Amino acid sequence: MLAAHVLLAAATLVIVFPMLYAVQVSTLEFQEVFVFPPKLLPGAAFTDNLQRAWEKVHLGRLLANSAGIAVAVALGKTCLSVLAAFAFTYFRDFPGKTLLFVAILVTHMLPLPVRIVPTFQLMHDFGWVNSYQALTVPFFASATGTLLFRQFFLTIPPALSEAARVDGAGPLRFLVRILLPLSLNNLAALFLVEFLYMWNEYLWPLIVTTSDEMRVVQIGIKMLVATDAQAEWNLIMAGVVAAMVPPLLVLLALQRSFVRSISLGQEK
Amino acid sequence: MEAFSRRWTALAVAVAVLLIGTPAQAKTEIHFWHAMGGQLGAATNELVKQFNQSQSEYEVKALNKGTYPEVLTGAIAAYRQKNPPHIVQVFDVGTQTMLLSGAIYPIFQLMKEQEIAVNWGDFIKPVTGYYSKDGNLYSMPFNSSSPILYYNKTAFKKAGLNPDKPPATWKEVGEASKKIIAAGAAKCGFTTSWPSWTMLENTFPWHDQPFATNQNGYTGLDTKLLINGEFGVKHIGQLAAWQKEGVYSYGGRMGAPDTKFISGECAMDIQSSAVIGGFKKSLKFEWGTGQLPHWGAPYKKQNAVVGGATLWVLKGQKPADYKGVARFMKFIAEPHQQMWWHVTTGYLPITHTAIKNLETGYHFKKNPEQWTALSQLSAKPTPNSLGHRLGNFVQIREAIESEMENIFAGKKTAKEGLEAAVAKGNAILGEFAAANKP
Amino acid sequence: MKRAVFKNRGLPYLLVLPQIVVTLVFFFWPAFESLRLSFFRTSPFGDKTSFVGLENFVNLLSSAEYYQSIANTFVFAFGVTALAVGLGLFVAALATQKVRGLAAYRTAVLWPYGIAPPIAGIIFLFIFHPSYGVLPYWLGFVTSYEFNWLLKGWVAMALVIIATAWTHVGYNIAFFLAGLLAIPTSVLEAASVDGAGALRRFRSIVLPLLSPITFYLVVVNLIFSFFGSFGVIHAVTQGGPGNATEIMVFKVYKDGFIGLNLGSSAAQSVLLMFVVIVLTALQFRFVEKKVIYS
């Protein structure tokens with residue numbers, strides 16, 4: 001038992017080391033970064049580094065953009081998937097149902113790299129280049145979400161919806177009053193996954209934004225690295241730390257639901 | 001009472017005019033996309049600010065769109081969507097792509113049509129030659145540089161070498177490196193930044209050797225690379241041998257190898273003159289510069305070619321805007337701005353007047369490192385040393401560098417690697433020729 | 001069937017509509033355009049376009065570089081998957097030993113999941129840096145071998161595999177933990193009464209029970225490494241040294257957005273679509289099977 005505990009602690013340490021190290025470097029002075037043997041104790045320059053990184057690439061604005069976009073996409077994807085999954089599960093077969101379902105699933109096979117040039121072209125036709133619409137709307141479709149909710153709805157006892165129908169409740173009322181409260185864990189889990197997905201998106205914002213004010217934080221950090229001469233790793237890592245905080249908060253807030261939704265999936 | 005209220009009304013109107021009136025005369029916006037990050041970005045913004053303050057009709061909006069390739073791609077996409085930036089900064093290797101694009105408003109034509117007089121004869125030839133066609137300048141040189149040798153004087157002293165005499169030939173580079181390593185003054189002798197640019201694209205013209213057929217691509221599209229000849233194999237083969245001995249240490253692409261020099265790991269670095277400004281801040285030892293090393297006889301000492309980037313004007317914006325574009329171009333080419341830009345960043349001044357003014361102020365006496373790069377550009381260019389005009393050069397450079405890595409890793413001999421690079425490069429050139437058939 | 005209780009005719013269409021509109025406009029149309037572009041040769045600025053039939057495909061399939069990028073992709077994707085799934089299973093198995101503070105461990109290991117691939121790449125770039133990285137420095141005490149990923153292809157590949165697997169291991173741990181905790185203790189106890197050793201018990205009882213999750217995670221990790229890991233390569237190796245880490249998605253980007261060869265890039269996108277179709281078919285076959293059985 002003790003051996004297992006020690007092994008677990010060691011494995012965890014290996015996994016979190018890169019982040020702890022990033023935090024540590026973010027507290028050093030520029031000169032201290034290149035000292036050998038490498039310093040492993042925190043320095044005192046964190047606030048200074050963060051402030052300089054913050055000013056250099058307007059981190060505040062970038063963090064707000066990233067967060068806003070990620071929240072919007074996560075909400076949009078969740079809403080649209082719930083509605084679609086509801087239509088696919090709780091209604092009498094309607095003509096074209098399979099076709100529509102397959103069409104949604106196929107989006108899974110079309111990741112962004114496969115269609116990036118034409119999608120960009122579309123943004124311009126819509127006049128959306130460098131706008132929040134461009135950073136959010138194209139991501140609203142979610143095969144994963146639709147599938148997840150369809151599967152989850154299938155596990156809910158049919159008696160529930162039958163009872164609702166007998167009581168004369170309409171479908172939307174049933175969705176809002178009964179189905180959604182039952183789906184909270186799944187809603188939170190999907191929100192988490194999609195939030196992180198969008199937070200991590202990098203290629204698309206790089207291409208579709210054309211002004212400093214519209215950029216996202218990943219690009220800002222990359223720009224800190226891309227400066228001339230010697231990279232200021234203490235500043236870069238301060239930026240990295242700032243960029244780690246929002247997803248970490250979301251993870252902390254929603255991980256219970258995430259884990260529970262996985263467990264529910266297993267218990268069927 | 002009435003008089004009172006009338007006075008108040010007048011005041012209110014005056015305030016309103018002050019508040020609304022001034023910004024109402026909207027300035028014409030000129031969009032300028034560039035790839036200058038860090039200190040260079042700050043200098044670019046300062047230059048733009050100076051222009052905006054110097055007149056009241058136009059407002060240049062500068063935006064850092066990422067790395068050079070990202071800027072080019074972004075501008076092309078925007079052009080195809082019919083909303084291009086007015087001005088885009090394109091690096092040297094994008095020149096042929098721009099020239100054949102049909103999307104550009106050549107700078108000489110812009111100046112002529114907007115009736116802004118420019119003394120083209122004042123521009124220095126090795127800089128404009130790279131970007132001219134039929135004697136006319138197509139894009140405005142903005143940040144030009146050439147590769148020079150940086151060396152660590154402290155390490156040289158420790159190894160018993162003369163710290164005021166940088167090695168001038170490759171033979172001397174090898175000998176100095178070995179002495180430095182033996183004396184424990186540094187772990188390795190030298191490293192090279194931008195490997196293809198410094199070790200091939202510049203080393204070939206520097207020795208008056210042809211880099212590609214058709215006068216390095218200037219006279220036709222069916223161009224083939226020539227880097228796998230005797231000279232290329234000798235030069236790269238020697239680097240590979242030195243890599244094996246530890247004399248040379250390959251440090252990656254672009255500016256990544258600088259780290260080895262800054263940290264003191266390598267005693268010499270061959271890198272663009274544009275990092276002088278950065279090195280002044282970050283180097284904690286005594287250092288100096290020398291010309292790009294040469295192989296000596298039987299090779300002739302020619303000139304280096306410029307690298308860096310130029311400003312291209314794109315078609316497709318409102319006709320009235322181009323007056324402002326022309327005025328901005330005129331502004332940055334003026335001696336005062338050229339001198340400021342050179343002193344601040346280390347990029348080369350591009351007019352004889354600017355250079356003469358700098359000399360008069362003893363700038364080069366006080367800052368000899370700033371003269372090194374210019375001194376390499378003084379010879380009258382031959383067809384081998386005018387520049388390179390290759391299509392899809394970005395991809396070619398990438399193909400060359402990946403083969404250089406195979407050579408330095410010992411996976412291929414210099415001959416095999418360079419031949420593979422030529423084969424890949426020629427395929428890329430063929431693709432470009434096919435896509436640009438008239 | 002029995003679940004389909006509501007009889008509205010128009011409503012289900014209305015509910016599906018938003019999702020379908022987004023799908024058609026932002027997925028199907030651009031994908032079709034990619035397909036169309038793959039038959040053309042276009043100059044960078046798009047002013048000269050000519051139909052070339054299958055030439056873009058022929059060029060690709062006769063270039064050694066393209067085959068190398070396919071091989072790299074498989075090494076990379078299977079490397080990431082093996083490492084992320086293997087390590088995930090290992091850590092999860094340890095964590096189920098009724099260890100105190102399980103929730104804290106789980107949070108700690110889930111953390112990297114919130115880190116964007118380019119950021120992960122940047123962190124590892126620093127840790128692994130041949131000149132000032134802490135890892136090469138420590139390894140220098142153990143061996144004189146130089147882990148210089150700027151020149152050694154396999155070191156570079158190992159670096160990007162580790163960085164990518166790292167961002168995904170927490171996700172895998174969370175799934176394995178859920179699966180492990182769902183195995184009734186009675187099953188395990190029964191086995192241990194029979195005298196089965198811990199390791200044997202794990203192999204003969206736990207692993208088979210975990211196989212659906214394992215399979216699911218393998219597919220998800222494969223898809224992620226095929227398509228979601230662009231940022232790591234972009235931030236760290238740019239495909240080098242000597243194309244050693246040039247994976248297919250990176251080559252699509254490199255040839256299309258750096259090399260401006262849209263035709264070839266589009267042709268690669270089309271070939272890439274085949275890969276996704278195979279992977280997705282695998283995933284849905286599994287998911288659908290599960291749905292049917294439940």
# chains A, B, ... in the order shown; residues from 1 in each chain; ligands from 1

$ interface_residues --of "chain B" --to "chain C" --cutoff "6 Å" --atoms "only C-alpha atoms" --output "list of chain:residue names"
B:Pro69, B:Thr73, B:Ile76, B:Ser101, B:Gly252, B:Gln395, B:Ser402, B:Glu403, B:Glu405, B:Asn406, B:Ala409, B:Ala435

$ residues_around --residues "Leu80 of chain A" --least-positions-apart "3" --cutoff "8 Å" --atoms "only C-alpha atoms" --output "PyMOL selection string"
(chain A and resi 76-77+83-84+140-142+146) or (chain C and resi 16+18-19)

$ write_last_selection --atoms "C-alpha atoms" --output "PDB file, in the first residue's frame"
ATOM      1  CA  GLY A  76     -23.504  27.466 -28.055  1.00  0.00           C
ATOM      2  CA  LYS A  77     -22.336  23.911 -28.603  1.00  0.00           C
ATOM      3  CA  LEU A  83     -31.796  20.578 -28.825  1.00  0.00           C
ATOM      4  CA  ALA A  84     -30.686  18.252 -31.585  1.00  0.00           C
ATOM      5  CA  PHE A 140     -21.188  25.765 -32.779  1.00  0.00           C
ATOM      6  CA  ALA A 141     -21.800  22.351 -34.322  1.00  0.00           C
ATOM      7  CA  SER A 142     -20.844  19.438 -32.102  1.00  0.00           C
ATOM      8  CA  THR A 146     -25.178  15.554 -29.858  1.00  0.00           C
TER       9      THR A 146
ATOM     10  CA  VAL C  16     -32.297  20.340 -35.300  1.00  0.00           C
ATOM     11  CA  PRO C  18     -29.526  25.497 -35.842  1.00  0.00           C
ATOM     12  CA  GLN C  19     -27.112  22.581 -35.657  1.00  0.00           C
TER      13      GLN C  19
END

$ residues_around --residues "Thr167 of chain C" --least-positions-apart "3" --cutoff "10 Å" --atoms "only C-alpha atoms" --output "list in words"
Ile15 of chain A; Ala84, Val109, Leu110, Trp111, Pro112, Tyr113, Gly114, Ile115, Ala116, Pro117, Ile119, Ala120, Gly121, Ile162, Ala163, Thr164, Gly170, Tyr171 and Ser229 of chain C

$ closest_atom_pairs --of "chain A" --to "chain B" --cutoff "10 Å" --atoms "only C-alpha atoms" --output "CSV"
residue,atom,partner,partner_atom,distance
A:Phe30,CA,B:Ser282,CA,9.9
A:Gln31,CA,B:Ser282,CA,9.6
A:Phe34,CA,B:Ser263,CA,7.6
A:Val35,CA,B:Ser263,CA,9.4
A:Lys56,CA,B:Gly38,CA,8.3
A:Val57,CA,B:Gly38,CA,9.7
A:Val117,CA,B:Ala77,CA,8.6
A:Phe120,CA,B:Ala77,CA,8.3
A:Gln121,CA,B:Gln81,CA,6.8
A:Leu122,CA,B:Gln81,CA,9.4
A:Met123,CA,B:Gln81,CA,9.4
A:His124,CA,B:Gln81,CA,6.3
A:Asp125,CA,B:Gln81,CA,7.8
A:Gly127,CA,B:Gln81,CA,9.9
A:Val129,CA,B:Ala78,CA,9.3
A:Leu206,CA,B:Gly66,CA,8.4
A:Ile207,CA,B:Gly74,CA,6.8
A:Val208,CA,B:Gly74,CA,8.6
A:Thr209,CA,B:Lys65,CA,8.9
A:Thr210,CA,B:Lys65,CA,7.0
A:Ser211,CA,B:Leu63,CA,6.5
A:Asp212,CA,B:Leu63,CA,7.1
A:Ile219,CA,B:Gly66,CA,8.7
A:Gly220,CA,B:Gly66,CA,9.9
A:Lys222,CA,B:Gly66,CA,9.1
A:Met223,CA,B:Gly66,CA,7.2
A:Leu224,CA,B:Gly38,CA,7.7
A:Val225,CA,B:Gly38,CA,9.3
A:Ala226,CA,B:Gly37,CA,6.9
A:Thr227,CA,B:Gly38,CA,4.6
A:Asp228,CA,B:Gly38,CA,6.0
A:Ala229,CA,B:Gly278,CA,5.5
A:Gln230,CA,B:Thr259,CA,6.4
A:Ala231,CA,B:Thr259,CA,8.6

$ closest_residue --among "B:Lys301, B:Thr28, B:Asn45, B:Gly189" --to "Lys380 of chain B" --atoms "only C-alpha atoms"
B:Lys301

$ select_by_dssp --residues "segment 34-255 of chain A" --states "alpha helix (DSSP H)" --output "PyMOL selection string"
chain A and resi 46-57+59-90+97-106+116-125+132-136+143-155+158-166+171-174+180-182+184-200+203-208+217-225+233-255

$ interface_residues --of "chain C" --to "chain A" --cutoff "6 Å" --atoms "only C-alpha atoms" --output "list of chain:residue names"
C:Arg3, C:Ala4, C:Val5, C:Phe6, C:Lys7, C:Pro12, C:Leu15, C:Val16, C:Gln19, C:Val22, C:Thr23, C:Phe26, C:Pro30, C:Ala31, C:Ser34, C:Leu94, C:Gly114, C:Ala116, C:Ala178, C:Ser269, C:Val276, C:Ile277

$ write_last_selection --atoms "N, CA, C and O atoms" --output "tab-separated table (two decimals), in the first residue's frame"
chain	number	residue	atom	x	y	z
C	3	ARG	N	-39.62	5.26	-26.83
C	3	ARG	CA	-39.32	6.53	-26.25
C	3	ARG	C	-39.95	7.69	-27.05
C	3	ARG	O	-40.14	8.77	-26.55
C	4	ALA	N	-40.23	7.42	-28.33
C	4	ALA	CA	-40.70	8.50	-29.19
C	4	ALA	C	-42.12	8.89	-28.87
C	4	ALA	O	-43.08	8.46	-29.51
C	5	VAL	N	-42.24	9.72	-27.84
C	5	VAL	CA	-43.57	9.97	-27.33
C	5	VAL	C	-44.23	11.22	-27.90
C	5	VAL	O	-45.45	11.30	-27.96
C	6	PHE	N	-43.42	12.19	-28.29
C	6	PHE	CA	-44.04	13.42	-28.76
C	6	PHE	C	-44.33	13.32	-30.24
C	6	PHE	O	-43.54	12.78	-31.00
C	7	LYS	N	-45.47	13.88	-30.64
C	7	LYS	CA	-45.92	13.62	-32.00
C	7	LYS	C	-45.84	14.84	-32.91
C	7	LYS	O	-46.29	14.79	-34.04
C	12	PRO	N	-39.46	18.91	-34.22
C	12	PRO	CA	-38.12	18.30	-34.29
C	12	PRO	C	-37.23	18.93	-35.34
C	12	PRO	O	-36.03	19.13	-35.10
C	15	LEU	N	-35.88	22.08	-33.95
C	15	LEU	CA	-34.86	21.86	-32.93
C	15	LEU	C	-33.51	21.50	-33.55
C	15	LEU	O	-32.46	21.87	-33.03
C	16	VAL	N	-33.54	20.77	-34.66
C	16	VAL	CA	-32.30	20.34	-35.30
C	16	VAL	C	-31.72	21.46	-36.16
C	16	VAL	O	-30.52	21.50	-36.42
C	19	GLN	N	-28.27	23.47	-35.52
C	19	GLN	CA	-27.11	22.58	-35.66
C	19	GLN	C	-26.85	22.25	-37.13
C	19	GLN	O	-25.70	22.25	-37.59
C	22	VAL	N	-25.34	25.30	-39.11
C	22	VAL	CA	-23.91	25.45	-38.83
C	22	VAL	C	-23.12	24.36	-39.56
C	22	VAL	O	-22.09	24.61	-40.18
C	23	THR	N	-23.65	23.14	-39.52
C	23	THR	CA	-22.98	22.01	-40.15
C	23	THR	C	-22.82	22.22	-41.66
C	23	THR	O	-21.74	22.02	-42.22
C	26	PHE	N	-20.59	25.72	-42.33
C	26	PHE	CA	-19.19	25.81	-41.89
C	26	PHE	C	-18.42	24.50	-41.99
C	26	PHE	O	-17.21	24.47	-41.76
C	30	PRO	N	-17.26	24.16	-46.89
C	30	PRO	CA	-15.80	24.30	-46.96
C	30	PRO	C	-15.11	22.98	-47.31
C	30	PRO	O	-14.12	22.98	-48.05
C	31	ALA	N	-15.62	21.86	-46.80
C	31	ALA	CA	-14.98	20.58	-47.11
C	31	ALA	C	-15.10	20.29	-48.59
C	31	ALA	O	-14.15	19.84	-49.24
C	34	SER	N	-12.60	22.35	-50.39
C	34	SER	CA	-11.27	21.75	-50.30
C	34	SER	C	-11.10	20.69	-51.38
C	34	SER	O	-10.07	20.61	-52.04
C	94	LEU	N	-2.86	2.82	-9.70
C	94	LEU	CA	-2.26	3.14	-8.40
C	94	LEU	C	-3.24	3.91	-7.53
C	94	LEU	O	-3.33	3.69	-6.32
C	114	GLY	N	-5.95	21.21	-19.22
C	114	GLY	CA	-6.38	22.58	-19.50
C	114	GLY	C	-5.29	23.43	-20.15
C	114	GLY	O	-5.43	24.64	-20.27
C	116	ALA	N	-3.10	24.50	-23.37
C	116	ALA	CA	-3.16	24.46	-24.83
C	116	ALA	C	-1.90	23.84	-25.41
C	116	ALA	O	-0.81	24.05	-24.87
C	178	ALA	N	-12.73	6.34	-13.40
C	178	ALA	CA	-14.17	6.09	-13.36
C	178	ALA	C	-14.44	4.62	-13.65
C	178	ALA	O	-15.26	3.97	-12.97
C	269	SER	N	-5.41	17.58	-47.67
C	269	SER	CA	-6.61	17.62	-46.83
C	269	SER	C	-7.54	16.48	-47.20
C	269	SER	O	-8.11	15.81	-46.34
C	276	VAL	N	-9.42	10.30	-41.25
C	276	VAL	CA	-10.44	10.59	-40.22
C	276	VAL	C	-11.62	9.66	-40.39
C	276	VAL	O	-12.20	9.20	-39.41
C	277	ILE	N	-12.00	9.42	-41.63
C	277	ILE	CA	-13.17	8.58	-41.85
C	277	ILE	C	-12.93	7.19	-41.25
C	277	ILE	O	-13.79	6.67	-40.53
